[in-house]
Amino acid sequence: MVEYDFGGQVAFVTGAAHGQGRSHAQHYAKHGADVVVTDINRNMDTVPYDLGTPEELDETVSLVEEEGQEALAIEMDVRDESQVKSAVDEAVDHFGTIDILANNAGIAHFGDLVEIDEAMWDEMLDTNLKGVWLCAKHVGQHFIDRGDGGKIVSTSSIYGKVAGPGSGHYIAAKHGVLGLTKTLALELAEYDVNVNAVCPTGVETPMVAGVMEAYGEEALETATEMTGPWNIFGDGGMIESKDISEAYMWLSSDAARYVTGIGLPVDAGMLAK
Ligand SMILES: NC(=O)c1ccc[n+]([C@@H]2O[C@H](COP(=O)([O-])OP(=O)(O)OC[C@H]3O[C@@H](n4cnc5c(N)ncnc54)[C@H](O)[C@@H]3O)[C@@H](O)[C@H]2O)c1
């Protein structure tokens, strides 16, 4: 494991109850940061699998504490500006500052663009794109006010870089995350804020397990039809949350101080095909 020193820093992680967000929270703590762990903590109407729960978010708190760092748990829906603003204010009141925003929360569902309904489009775009903007807006304003730089890392996807049939609303949102990332990088550069995104291939998380259960093998087949196997190594299977966390750590660190406005694929070679 590469060593980073986030001692004295505070990371604000969205979607931290389980999956990649929990792993990011653990990794920030392992490298010395205190962590604000946030999650919607309930299911959403159009999402056909279970999202995070308060109990799971508490478990993330324990995992951060096991690393010897402090965790603050806040229930927050990234789609709701008043909740985002109040969570950012609460985090700053509690810790005095935020140094890193990890914009990870997201949902998935499937359907061709001529088939999905407005509710699916709205919940997808509101969560996977508007939520990223709202958190960047309020943490970004905090970075400007405090005048000491900052780091924003957001999760796009390989579907932020390529498209295919079966999930156009997800693909539109994830392409949007890269547009937001590039624009924020330009707008916040004068305040020494680095803004980047990570573009994962398939990662073994509750999202993938839930999608498989809801849609069956067909979902995986649709996805692999778009882009080929998830992974050019080994059996072509999925990668792990920790592989994405490592990219988050690097982009949140001063080792990447001249990296801004990129969408870093952690794709096990998928996009090379
Ligand atoms: N798993 C994959 O294969 C994969 C691949 C590429 C990108 N991604 C992206 O990675 C990110 C993390 O996904 P994951 O696989 O860990 O998913 P997950 O479902 O396992 O975890 C996502 C977390 O986000 C939370 N969340 C969802 N909507 C929210 C909202 N409106 N407000 C606050 N919290 C909310 C959920 O409660 C859950 O705890 C997502 O942005 C996803 O789109 C996942």
# chains A, B, ... in the order shown; residues from 1 in each chain; ligands from 1
call {"tool": "residues_around", "arguments": {"residues": "A:Gly32", "least_positions_apart": "3", "cutoff": "9 Å", "atoms": "only C-alpha atoms", "output": "PyMOL selection string"}}
result
chain A and resi 4-9+27-29+67-69
call {"tool": "write_last_selection", "arguments": {"atoms": "C-alpha atoms", "output": "compact mmCIF listing (two decimals), in the first residue's frame"}}
result
# COMPACT_ATOMS: atom_id res chain seq x y z
CA TYR A 4 -0.12 9.17 2.21
CA ASP A 5 -0.18 11.68 5.04
CA PHE A 6 -3.62 13.19 5.55
CA GLY A 7 -2.86 13.95 9.21
CA GLY A 8 -4.88 16.94 10.46
CA GLN A 9 -7.15 16.81 7.40
CA HIS A 27 -8.66 4.51 3.42
CA TYR A 28 -8.75 8.22 4.36
CA ALA A 29 -8.69 7.18 8.03
CA GLU A 67 -8.00 3.28 12.36
CA GLY A 68 -7.65 5.72 15.27
CA GLN A 69 -9.50 8.59 13.57
call {"tool": "residues_around", "arguments": {"residues": "A:Ala105", "least_positions_apart": "3", "cutoff": "8 Å", "atoms": "only C-alpha atoms", "output": "compact mmCIF listing (two decimals) with N, CA and C atoms, in the first residue's frame"}}
result
# COMPACT_ATOMS: atom_id res chain seq x y z
N THR A 14 -19.44 11.02 0.46
CA THR A 14 -20.86 10.75 0.23
C THR A 14 -21.07 9.28 -0.14
N GLY A 15 -22.23 8.73 0.24
CA GLY A 15 -22.53 7.32 -0.04
C GLY A 15 -21.59 6.40 0.72
N ALA A 16 -21.40 6.69 2.02
CA ALA A 16 -20.37 5.99 2.81
C ALA A 16 -20.90 4.81 3.62
N GLY A 21 -17.85 3.80 -1.08
CA GLY A 21 -17.79 4.94 -0.16
C GLY A 21 -17.24 4.54 1.20
N ASP A 39 -24.69 9.51 4.12
CA ASP A 39 -25.44 8.59 3.26
C ASP A 39 -26.93 8.93 3.33
N VAL A 78 -27.94 13.52 -1.34
CA VAL A 78 -27.16 14.43 -2.20
C VAL A 78 -28.04 15.21 -3.18
N THR A 127 -29.37 12.19 -8.64
CA THR A 127 -28.39 11.59 -7.73
C THR A 127 -26.99 11.64 -8.32
N ASN A 128 -26.86 11.09 -9.54
CA ASN A 128 -25.52 10.85 -10.09
C ASN A 128 -24.87 12.07 -10.71
call {"tool": "atom_distance", "arguments": {"atom1": "atom CA of A:Glu70", "atom2": "atom CA of A:Asp58"}}
result
12.5 Å
call {"tool": "select_by_dssp", "arguments": {"residues": "stretch 12-201 of chain A", "states": "strand (DSSP E or B)", "output": "JSON, numbers by chain"}}
result
{"A": [12, 13, 34, 35, 36, 37, 38, 39, 71, 72, 73, 74, 75, 100, 101, 102, 103, 111, 150, 151, 152, 153, 154, 155, 167, 193, 194, 195, 196, 197, 198, 199, 200]}
call {"tool": "write_last_selection", "arguments": {"atoms": "N, CA and C atoms", "output": "tab-separated table (two decimals), in the first residue's frame"}}
result
chain	number	residue	atom	x	y	z
A	12	PHE	N	-14.70	14.46	3.48
A	12	PHE	CA	-16.18	14.42	3.49
A	12	PHE	C	-16.58	13.43	2.40
A	13	VAL	N	-17.16	12.29	2.80
A	13	VAL	CA	-17.43	11.20	1.85
A	13	VAL	C	-18.94	11.01	1.69
A	34	ASP	N	-9.51	12.56	9.59
A	34	ASP	CA	-10.83	12.38	10.18
A	34	ASP	C	-11.84	12.40	9.03
A	35	VAL	N	-12.98	11.73	9.24
A	35	VAL	CA	-13.87	11.52	8.10
A	35	VAL	C	-15.32	11.85	8.45
A	36	VAL	N	-15.97	12.65	7.59
A	36	VAL	CA	-17.40	12.87	7.68
A	36	VAL	C	-18.04	11.84	6.76
A	37	VAL	N	-18.82	10.92	7.33
A	37	VAL	CA	-19.42	9.85	6.53
A	37	VAL	C	-20.91	10.15	6.36
A	38	THR	N	-21.34	10.30	5.12
A	38	THR	CA	-22.72	10.68	4.86
A	38	THR	C	-23.39	9.65	3.97
A	39	ASP	N	-24.69	9.51	4.12
A	39	ASP	CA	-25.44	8.59	3.26
A	39	ASP	C	-26.93	8.93	3.33
A	71	ALA	N	-14.83	9.93	13.33
A	71	ALA	CA	-15.83	9.95	12.25
A	71	ALA	C	-17.07	10.69	12.73
A	72	LEU	N	-17.65	11.47	11.84
A	72	LEU	CA	-18.93	12.13	12.11
A	72	LEU	C	-19.93	11.61	11.08
A	73	ALA	N	-21.00	10.97	11.54
A	73	ALA	CA	-22.00	10.43	10.61
A	73	ALA	C	-23.13	11.45	10.43
A	74	ILE	N	-23.49	11.70	9.17
A	74	ILE	CA	-24.60	12.62	8.87
A	74	ILE	C	-25.49	11.98	7.81
A	75	GLU	N	-26.80	11.94	8.10
A	75	GLU	CA	-27.74	11.46	7.08
A	75	GLU	C	-27.99	12.60	6.09
A	100	ILE	N	-11.08	17.65	1.90
A	100	ILE	CA	-11.25	16.75	0.75
A	100	ILE	C	-12.73	16.41	0.62
A	101	LEU	N	-13.26	16.54	-0.61
A	101	LEU	CA	-14.61	16.05	-0.89
A	101	LEU	C	-14.50	14.79	-1.74
A	102	ALA	N	-15.08	13.69	-1.27
A	102	ALA	CA	-15.15	12.45	-2.03
A	102	ALA	C	-16.60	12.25	-2.46
A	103	ASN	N	-16.87	12.59	-3.71
A	103	ASN	CA	-18.21	12.62	-4.29
A	103	ASN	C	-18.53	11.26	-4.87
A	111	GLY	N	-32.46	0.16	-18.55
A	111	GLY	CA	-33.61	0.36	-19.43
A	111	GLY	C	-33.18	1.19	-20.62
A	150	GLY	N	-7.82	22.86	-1.65
A	150	GLY	CA	-8.70	21.74	-1.36
A	150	GLY	C	-8.66	20.73	-2.49
A	151	LYS	N	-9.31	19.60	-2.25
A	151	LYS	CA	-9.34	18.51	-3.25
A	151	LYS	C	-10.78	18.05	-3.42
A	152	ILE	N	-11.19	17.91	-4.67
A	152	ILE	CA	-12.49	17.30	-4.96
A	152	ILE	C	-12.24	16.11	-5.88
A	153	VAL	N	-12.71	14.94	-5.47
A	153	VAL	CA	-12.65	13.75	-6.32
A	153	VAL	C	-14.07	13.20	-6.46
A	154	SER	N	-14.48	12.93	-7.69
A	154	SER	CA	-15.84	12.43	-7.93
A	154	SER	C	-15.76	11.12	-8.68
A	155	THR	N	-16.78	10.28	-8.48
A	155	THR	CA	-16.81	9.01	-9.20
A	155	THR	C	-17.67	9.15	-10.45
A	167	SER	N	-28.53	1.68	-20.73
A	167	SER	CA	-28.47	2.47	-19.50
A	167	SER	C	-28.10	3.93	-19.81
A	193	VAL	N	-7.62	24.62	-5.80
A	193	VAL	CA	-8.43	23.41	-5.60
A	193	VAL	C	-8.22	22.49	-6.80
A	194	ASN	N	-7.81	21.24	-6.53
A	194	ASN	CA	-7.71	20.22	-7.59
A	194	ASN	C	-9.06	19.52	-7.70
A	195	VAL	N	-9.53	19.34	-8.91
A	195	VAL	CA	-10.83	18.68	-9.13
A	195	VAL	C	-10.65	17.57	-10.16
A	196	ASN	N	-10.87	16.34	-9.75
A	196	ASN	CA	-10.66	15.20	-10.64
A	196	ASN	C	-11.78	14.18	-10.47
A	197	ALA	N	-11.82	13.24	-11.41
A	197	ALA	CA	-12.79	12.14	-11.32
A	197	ALA	C	-12.08	10.81	-11.53
A	198	VAL	N	-12.71	9.76	-11.03
A	198	VAL	CA	-12.23	8.39	-11.23
A	198	VAL	C	-13.28	7.67	-12.06
A	199	CYS	N	-12.83	6.88	-13.01
A	199	CYS	CA	-13.74	6.16	-13.92
A	199	CYS	C	-13.54	4.65	-13.75
A	200	PRO	N	-14.28	4.04	-12.80
A	200	PRO	CA	-14.08	2.61	-12.55
A	200	PRO	C	-14.74	1.72	-13.60
call {"tool": "residues_near_ligand", "arguments": {"ligand": "ligand 1", "cutoff": "8 Å", "atoms": "only C-alpha atoms and all ligand atoms", "output": "VMD selection string"}}
result
chain A and resid 14 to 22 38 to 44 50 to 53 57 75 to 79 103 to 108 126 to 128 131 154 to 159 170 174 199 to 208 210 238 241
call {"tool": "atom_distance", "arguments": {"atom1": "atom CA of A:Glu90", "atom2": "atom CA of A:Asp148"}}
result
19.5 Å
